[in-house]
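A.B. asks: Questions regarding the structure given below will be posed in turn.
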Amino acid sequence: MAEVTRDRWTGRATFIFAAIGSAIGLGNVWRFPYMTYEYGGGAFLIPWIIGLIVLGIPWMMMEFGMGRYFQKSAPGVFEGIGKGWEWLGWWPVFVAFIIVTYYTVVIAWSLHYMVSAATMVWGVGQAAAEGAGGYYFGSVLQLSDGPSILGAPVWSILGLLALVWLVLFFIMFRGARVIGRVSVWMVCAFWVILVVLLVRGVTLAGAVDGLNYYLAPDFTTLAKGDVWFAAFSQIAFTLSLGMAGMFAYGSFVAKKADVTNSAFITSFSNCATSFFAGFAVFSIVGFIMQAMNIPAEEVSASGLGLAFVTYPAAISMMPGANAFIGVLFFLCLFFLGTTSAYFLAYGGVISPIMDKFGLKRVTATAIVCIISFVIGILYTTSGGLYWLDMMDRAVSFYGLLITGALACLVVGWAFGTRKLREHLNESSDIRVGAWWDWLLKVVVPAGLLFVVIYGGFMNDVPEAYEGYQVGALNGSHIIWIVLGVTLILSFVLGAVKTKGAKRG
Amino acid sequence: MTTAAIVTTILIWLVFICGLGFCLSRVGKGGTWQD
């Protein structure tokens with residue numbers, strides 16, 4: 001049988017841009033700026049940068065390094081550590097798979113808004129701005145009263161979801177070479193658009209007030225556990241780790257190439273982008289505060305509310321070029337979402353399937369795209385937003401953090417950090433010392449478990465998540481079921497014997 | 001912007017610019033751009 005040829009990046013720059021594209025996601029725009037404002041302004045940036053250095057970068061080096069060492073995606077990496085560990089490589093694959101099924105629906109919403117913004121469908125002026133929430137929840141989502149009332153799919157969103165998967169298929173079916181090139185274009189285009197949005201934002205009346213809310217430091221908050229929890233959780237979520245994909249991205253790097261410095265460059269670029277995006281977001285928050293004469297607390301400055309209610313409201317009230325800025329903003333979200341979506345689908349799901357079952361790339365890509373699209377139909381229904389929220393909590397919070405902590409513990413204690421460190425240092429621009437071993441073996445898993453216990457179990461065990469109820473099950477029950485089922489399926493896939501990859 | 005917000009902005013940009021500058025200056029010490 002012919003020697004297996006591993007999928008490869010065309011060069012280091014394409015690898016770094018692909019990794020930056022995967023790390024930069026919607027959270028950089030709609031989570032980080034709000035967290036900074038909420039948890040002490042500029043003071044929040046101190047624990048955030050500490051978290052980046054002691055938690056985020058060592059974790060990313062581990063995922064890149066293990067992928068490069070074994071030249072396999074996540075399940076192959078853990079199988080390489082020991083046959084009994086392969087399940088731990090499949091669990092984050094399920095995390096990535098579930099995330100991409102709903103992440104693509106958010107991209108479809110962005111496309112819907114891009115078209116709507118071109119003609120300012122929701123209207124111009126203050127009255128239209130006040131109705132932006134009604135347009136999103138009523139016209140776009142056609143939101144029902146709860147997760148048990150699904151209703152029919154919203155056909156316009158369903159059509160756009162199909163389009164998103166078609167685009168993703170054409171990006172992914174040629175492998176890392178095309179993904180890398182597309183990433184360079186999309187990340188650069190996103191940065192250019194962000195600059196335009198920033199300039200528009202800071203030249204609006206009231207923008208300075210918003211920036212003061214964003215950055216004015218309150219150092220007394222550093223004594224509070226909540227702030228450290230928020231900073232560490234932000235780092236845990238922002239780098240797209242714990243979703244299997246970075247193992248695969250590392251495995252597309254040649255064995256003699258650097259990954260340590262690439263992890264530093266990726267992490268710094270991602271966090272610099274978050275910080276920059278905060279200016280674009282909070283200048284808009286300040287503008288809305290002044291235009292509508294409301295306090296900052298009443299402006300929805302995070303999550304879906306920021307993207308699909310607050311920003312459209314701000315666009316309605318801008319003194320000119322409303323449609324242009326609106327289209328640019330949602331194009332920006334489209335780029336952000338797409339670079340992360342193909343990372344999740346290709347690095348997180350398709351590559352592990354190819355490694356395990358030896359499927360051709362085009363076949364594996366088509367299968368994953370079709371199945372993901374079918375599952376994604378759930379989130380296009382009237383009750384879809386509730387299910388999206390529960391699935392997000394199950395996999396993007398619990399799944400990511402638990403699998404991430406376990407992966408660091410197994411690599412740290414079973415594989416051995418010294419072995420990995422020596423492998424990393426062989427061809428690294430930046431050599432790391434023994435301090436890195438203890439970060440990976442102790443600090444990173446402890447930090448991730450702190451976030452999952454303090455921010456997760458302590459809330460969702462005593463109380464039903466968001467008060468959701470589906471028949472006899474509440475929101476928390478559904479989260480535990482999703483985690484349990486994906487864990488069992490991971491053990492099953494880990495136990496299946498195959499001949500492995502025939503093609504790269 | 002308040003002085004505190006401006007100082008924060010400058011300090012954080014210094015961290016990123018110096019950090020990225022250092023990393024980019026190290027390229028070629030182990031791996032290269034062609035890898």
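In the structure tokens, chains take letters A, B, ... by order of appearance, with residues numbered from 1 within each chain and ligands from 1 in the order shown.
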What's around B:Thr32 at 8 Å? Count only C-alpha atoms, leave out sequence neighbours fewer than 2 positions away in its own chain, and write the answer as a PyMOL selection string.

C.D. replies: (chain A and resi 12+257-258) or (chain B and resi 27-30+34-35)

A.B. asks: Hey, can you spit out that residue selection with C-alpha atoms as a compact mmCIF listing (two decimals), in the first residue's frame?

C.D. replies:
# COMPACT_ATOMS: atom_id res chain seq x y z
CA ARG A 12 4.04 28.77 7.78
CA ALA A 257 8.83 23.07 11.58
CA ASP A 258 8.26 25.41 14.52
CA VAL B 27 11.32 33.56 13.16
CA GLY B 28 14.30 31.91 11.53
CA LYS B 29 16.02 30.97 14.80
CA GLY B 30 14.51 27.47 14.62
CA GLN B 34 9.03 28.40 4.32
CA ASP B 35 8.29 25.47 6.70

A.B. asks: Show me, as a tab-separated table, the residues of chain A having an atom within 6 Å of chain B, each with the closest atom pair and its distance in Å, using only C-alpha atoms.

C.D. replies:
residue	atom	partner	partner_atom	distance
A:Gly11	CA	B:Gln34	CA	5.4
A:Arg12	CA	B:Trp33	CA	5.2
A:Gly42	CA	B:Thr8	CA	5.9
A:Val208	CA	B:Met1	CA	5.6
A:Asn212	CA	B:Met1	CA	5.8
A:Leu215	CA	B:Ala5	CA	5.0
A:Ala216	CA	B:Ala5	CA	4.6
A:Ala257	CA	B:Gly31	CA	5.2
A:Asp258	CA	B:Gly31	CA	4.8
A:Ser427	CA	B:Gly30	CA	4.8
A:Ser428	CA	B:Gly30	CA	4.6
A:Asp429	CA	B:Gly30	CA	4.2

A.B. asks: Using C-alpha atoms, can you export the residues from the last selection as a short mmCIF file (atom, residue, chain, number, x, y, z; two decimals), in the first residue's frame?

C.D. replies:
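Dumped everything to part-v9.cif:
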data_model
loop_
_atom_site.label_atom_id
_atom_site.label_comp_id
_atom_site.auth_asym_id
_atom_site.auth_seq_id
_atom_site.Cartn_x
_atom_site.Cartn_y
_atom_site.Cartn_z
CA GLY A 11 3.73 27.49 4.25
CA ARG A 12 4.04 28.77 7.78
CA GLY A 42 -8.86 48.21 32.14
CA VAL A 208 -15.88 58.62 23.98
CA ASN A 212 -14.51 55.21 29.01
CA LEU A 215 -11.48 50.87 29.59
CA ALA A 216 -11.63 53.00 32.74
CA ALA A 257 8.83 23.07 11.58
CA ASP A 258 8.26 25.41 14.52
CA SER A 427 13.01 23.07 15.85
CA SER A 428 11.59 25.98 17.79
CA ASP A 429 12.25 29.70 17.39
#

A.B. asks: I'd like the neighbourhood of stretch 186-194 of chain A as a count of residues only, where a residue qualifies if any of its atoms comes within 10 Å (using only C-alpha atoms), though same-chain residues fewer than 6 positions away should be ignored.

C.D. replies: 25

A.B. asks: For A:Ala205, please output as a list in words all residues within 9 Å (counting only C-alpha atoms; exclusion window: fewer than 4 positions along the same chain).

C.D. replies: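 Selected residues are Gly201, Ser283, Gly286, Phe287, Gln290 and Ala291 of chain A.
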
A.B. asks: According to DSSP computed on the backbone, where in chain B is there alpha helix (DSSP H)? Give the residues as a PyMOL selection string.

C.D. replies: chain B and resi 3-26

A.B. asks: Figure out the distance between atom CA of A:Val461 and atom CA of A:Asp392, please, to one decimal in Å.

C.D. replies: 16.8 Å

A.B. asks: Hey, which bits of stretch 313-418 of chain A sit within 10 Å of stretch 462-469 of chain A, and for each residue what's the closest pair of atoms and how far apart in Å (one decimal), counting only C-alpha atoms, rows by chain and increasing number, as CSV?

C.D. replies:
residue,atom,partner,partner_atom,distance
A:Tyr386,CA,A:Tyr468,CA,7.9
A:Trp387,CA,A:Tyr468,CA,9.5
A:Asp389,CA,A:Glu466,CA,9.1
A:Met390,CA,A:Tyr465,CA,7.9
A:Arg393,CA,A:Tyr465,CA,8.8

A.B. asks: What lies within 12 Å of A:Pro295 using only C-alpha atoms, ignoring chain neighbours under 5 positions off, as a short mmCIF file (atom, residue, chain, number, x, y, z; two decimals) with N, CA and C atoms, in the first residue's frame?

C.D. replies:
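Once everything was written out, this is out-v3.cif:
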data_model
loop_
_atom_site.label_atom_id
_atom_site.label_comp_id
_atom_site.auth_asym_id
_atom_site.auth_seq_id
_atom_site.Cartn_x
_atom_site.Cartn_y
_atom_site.Cartn_z
N GLY A 206 -20.86 60.71 21.26
CA GLY A 206 -21.02 59.85 22.44
C GLY A 206 -20.04 58.70 22.50
N ASP A 209 -17.71 58.41 25.57
CA ASP A 209 -18.32 57.90 26.81
C ASP A 209 -18.29 56.38 26.82
N GLY A 210 -18.60 55.78 25.68
CA GLY A 210 -18.59 54.32 25.59
C GLY A 210 -17.20 53.77 25.83
N TYR A 213 -16.35 53.70 29.46
CA TYR A 213 -16.98 52.54 30.12
C TYR A 213 -16.16 51.28 29.87
N VAL A 285 -21.75 51.52 21.61
CA VAL A 285 -22.53 51.54 22.85
C VAL A 285 -22.68 52.98 23.34
N GLY A 286 -21.58 53.73 23.31
CA GLY A 286 -21.64 55.14 23.73
C GLY A 286 -22.57 55.95 22.85
N PHE A 287 -22.53 55.69 21.56
CA PHE A 287 -23.40 56.40 20.61
C PHE A 287 -24.87 56.13 20.93
N ILE A 288 -25.19 54.87 21.20
CA ILE A 288 -26.59 54.52 21.52
C ILE A 288 -27.02 55.16 22.84
N MET A 289 -26.10 55.13 23.83
CA MET A 289 -26.43 55.74 25.13
C MET A 289 -26.85 57.20 24.94
N GLN A 290 -26.08 57.90 24.12
CA GLN A 290 -26.39 59.32 23.92
C GLN A 290 -27.62 59.52 23.03
N SER A 300 -27.72 46.41 25.35
CA SER A 300 -27.28 45.03 25.25
C SER A 300 -25.93 45.02 24.52
N ALA A 301 -24.86 44.76 25.30
CA ALA A 301 -23.52 44.91 24.73
C ALA A 301 -22.79 43.59 24.57
#

A.B. asks: If I take atom CA of A:Ile370 and atom CA of A:Ile488, how far is one from the other in Å, to one decimal?

C.D. replies: 23.4 Å

A.B. asks: Give me the residues near A:Ser240 as a PDB file with C-alpha atoms, in the first residue's frame, where near means some atom within 9 Å (using only C-alpha atoms) and where sequence neighbours in that chain fewer than 4 positions away do not count.

C.D. replies:
ATOM      1  CA  ALA A  19      -4.948  29.246  13.277  1.00  0.00           C
ATOM      2  CA  SER A  22      -9.998  29.717  13.878  1.00  0.00           C
ATOM      3  CA  ALA A  23      -9.197  31.520  17.126  1.00  0.00           C
ATOM      4  CA  ILE A  24     -10.760  34.826  16.107  1.00  0.00           C
ATOM      5  CA  GLY A  25     -14.464  34.229  16.246  1.00  0.00           C
ATOM      6  CA  MET A  60      -2.155  25.850  22.464  1.00  0.00           C
ATOM      7  CA  ALA A 236     -10.252  29.341  27.767  1.00  0.00           C
ATOM      8  CA  ALA A 244      -9.988  18.885  18.563  1.00  0.00           C
ATOM      9  CA  GLY A 245      -9.217  21.146  15.617  1.00  0.00           C
ATOM     10  CA  MET A 246      -5.865  22.534  16.792  1.00  0.00           C
ATOM     11  CA  SER A 340     -14.060  29.268  12.706  1.00  0.00           C
ATOM     12  CA  PHE A 343     -11.793  24.932  11.491  1.00  0.00           C
ATOM     13  CA  LEU A 344     -14.434  23.108  13.556  1.00  0.00           C
TER      14      LEU A 344
END

A.B. asks: With distances taken over only C-alpha atoms, which residue among A:Gly455, A:Gly326, A:Pro445, A:Gly305 lies nearest A:Gly123?

C.D. replies: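 Smallest separation from A:Gly123 among the options: A:Gly326.
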
A.B. asks: Would you mind reading off the distance between atom CA of A:Leu52 and atom CA of A:Val195, one decimal, in Å?

C.D. replies: 24.2 Å

A.B. asks: Which polymer residues have any atom within 10 Å of an atom of A:Val253, counting only C-alpha atoms, with same-chain residues fewer than 4 positions away left out, as a list in words?

C.D. replies: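 Result of the neighbour search: Arg6, Asp7, Arg8, Trp9, Thr10, Gly11, Arg12, Phe15, Phe64, Gly65, Gly67, Arg68, Tyr69, Gln71, Ala248, Tyr249, Ala257, Asp258 and Val259 of chain A; Asp35 of chain B.
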
A.B. asks: Include N, CA and C atoms and write out the residues we just selected as a PDB file, in the first residue's frame.

C.D. replies:
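In the end it all went to selection.pdb:
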ATOM      1  N   ARG A   6       0.487  13.065   4.349  1.00  0.00           N
ATOM      2  CA  ARG A   6      -0.293  13.913   5.239  1.00  0.00           C
ATOM      3  C   ARG A   6      -0.665  15.213   4.542  1.00  0.00           C
ATOM      4  N   ASP A   7      -1.879  15.658   4.814  1.00  0.00           N
ATOM      5  CA  ASP A   7      -2.327  16.974   4.376  1.00  0.00           C
ATOM      6  C   ASP A   7      -1.333  18.024   4.908  1.00  0.00           C
ATOM      7  N   ARG A   8      -0.968  19.014   4.094  1.00  0.00           N
ATOM      8  CA  ARG A   8       0.035  20.003   4.518  1.00  0.00           C
ATOM      9  C   ARG A   8      -0.405  21.429   4.193  1.00  0.00           C
ATOM     10  N   TRP A   9       0.016  22.382   5.065  1.00  0.00           N
ATOM     11  CA  TRP A   9      -0.136  23.798   4.741  1.00  0.00           C
ATOM     12  C   TRP A   9       0.852  24.142   3.628  1.00  0.00           C
ATOM     13  N   THR A  10       0.567  25.209   2.892  1.00  0.00           N
ATOM     14  CA  THR A  10       1.500  25.589   1.830  1.00  0.00           C
ATOM     15  C   THR A  10       2.718  26.332   2.397  1.00  0.00           C
ATOM     16  N   GLY A  11       2.611  26.786   3.627  1.00  0.00           N
ATOM     17  CA  GLY A  11       3.735  27.488   4.253  1.00  0.00           C
ATOM     18  C   GLY A  11       3.342  27.878   5.667  1.00  0.00           C
ATOM     19  N   ARG A  12       4.311  28.440   6.376  1.00  0.00           N
ATOM     20  CA  ARG A  12       4.041  28.768   7.775  1.00  0.00           C
ATOM     21  C   ARG A  12       2.999  29.879   7.914  1.00  0.00           C
ATOM     22  N   PHE A  15      -0.442  28.563   7.734  1.00  0.00           N
ATOM     23  CA  PHE A  15      -0.769  27.862   8.977  1.00  0.00           C
ATOM     24  C   PHE A  15      -1.158  28.865  10.063  1.00  0.00           C
ATOM     25  N   PHE A  64      -0.911  21.995  19.352  1.00  0.00           N
ATOM     26  CA  PHE A  64      -0.099  22.037  18.120  1.00  0.00           C
ATOM     27  C   PHE A  64       0.993  20.964  18.170  1.00  0.00           C
ATOM     28  N   GLY A  65       1.687  20.913  19.328  1.00  0.00           N
ATOM     29  CA  GLY A  65       2.844  20.029  19.457  1.00  0.00           C
ATOM     30  C   GLY A  65       2.467  18.563  19.358  1.00  0.00           C
ATOM     31  N   GLY A  67      -0.192  17.308  17.896  1.00  0.00           N
ATOM     32  CA  GLY A  67      -0.608  17.047  16.513  1.00  0.00           C
ATOM     33  C   GLY A  67       0.596  16.853  15.614  1.00  0.00           C
ATOM     34  N   ARG A  68       1.602  17.722  15.803  1.00  0.00           N
ATOM     35  CA  ARG A  68       2.796  17.607  14.970  1.00  0.00           C
ATOM     36  C   ARG A  68       3.580  16.332  15.300  1.00  0.00           C
ATOM     37  N   TYR A  69       3.665  15.991  16.584  1.00  0.00           N
ATOM     38  CA  TYR A  69       4.450  14.819  17.010  1.00  0.00           C
ATOM     39  C   TYR A  69       3.891  13.537  16.386  1.00  0.00           C
ATOM     40  N   GLN A  71       1.505  13.440  13.971  1.00  0.00           N
ATOM     41  CA  GLN A  71       1.022  13.647  12.589  1.00  0.00           C
ATOM     42  C   GLN A  71      -0.387  13.058  12.437  1.00  0.00           C
ATOM     43  N   ALA A 248      -5.386  18.776  14.783  1.00  0.00           N
ATOM     44  CA  ALA A 248      -5.313  18.524  13.347  1.00  0.00           C
ATOM     45  C   ALA A 248      -4.496  19.606  12.652  1.00  0.00           C
ATOM     46  N   TYR A 249      -4.728  20.885  13.021  1.00  0.00           N
ATOM     47  CA  TYR A 249      -3.975  21.969  12.384  1.00  0.00           C
ATOM     48  C   TYR A 249      -2.468  21.786  12.647  1.00  0.00           C
ATOM     49  N   ALA A 257       9.190  21.656  11.578  1.00  0.00           N
ATOM     50  CA  ALA A 257       8.834  23.074  11.576  1.00  0.00           C
ATOM     51  C   ALA A 257       8.498  23.540  12.994  1.00  0.00           C
ATOM     52  N   ASP A 258       8.574  24.850  13.202  1.00  0.00           N
ATOM     53  CA  ASP A 258       8.261  25.415  14.517  1.00  0.00           C
ATOM     54  C   ASP A 258       6.761  25.433  14.769  1.00  0.00           C
ATOM     55  N   VAL A 259       6.358  25.137  15.995  1.00  0.00           N
ATOM     56  CA  VAL A 259       4.970  25.404  16.377  1.00  0.00           C
ATOM     57  C   VAL A 259       4.893  26.277  17.634  1.00  0.00           C
TER      58      VAL A 259
ATOM     59  N   ASP B  35       8.638  26.791   6.151  1.00  0.00           N
ATOM     60  CA  ASP B  35       8.286  25.469   6.701  1.00  0.00           C
ATOM     61  C   ASP B  35       6.821  25.123   6.437  1.00  0.00           C
TER      62      ASP B  35
END
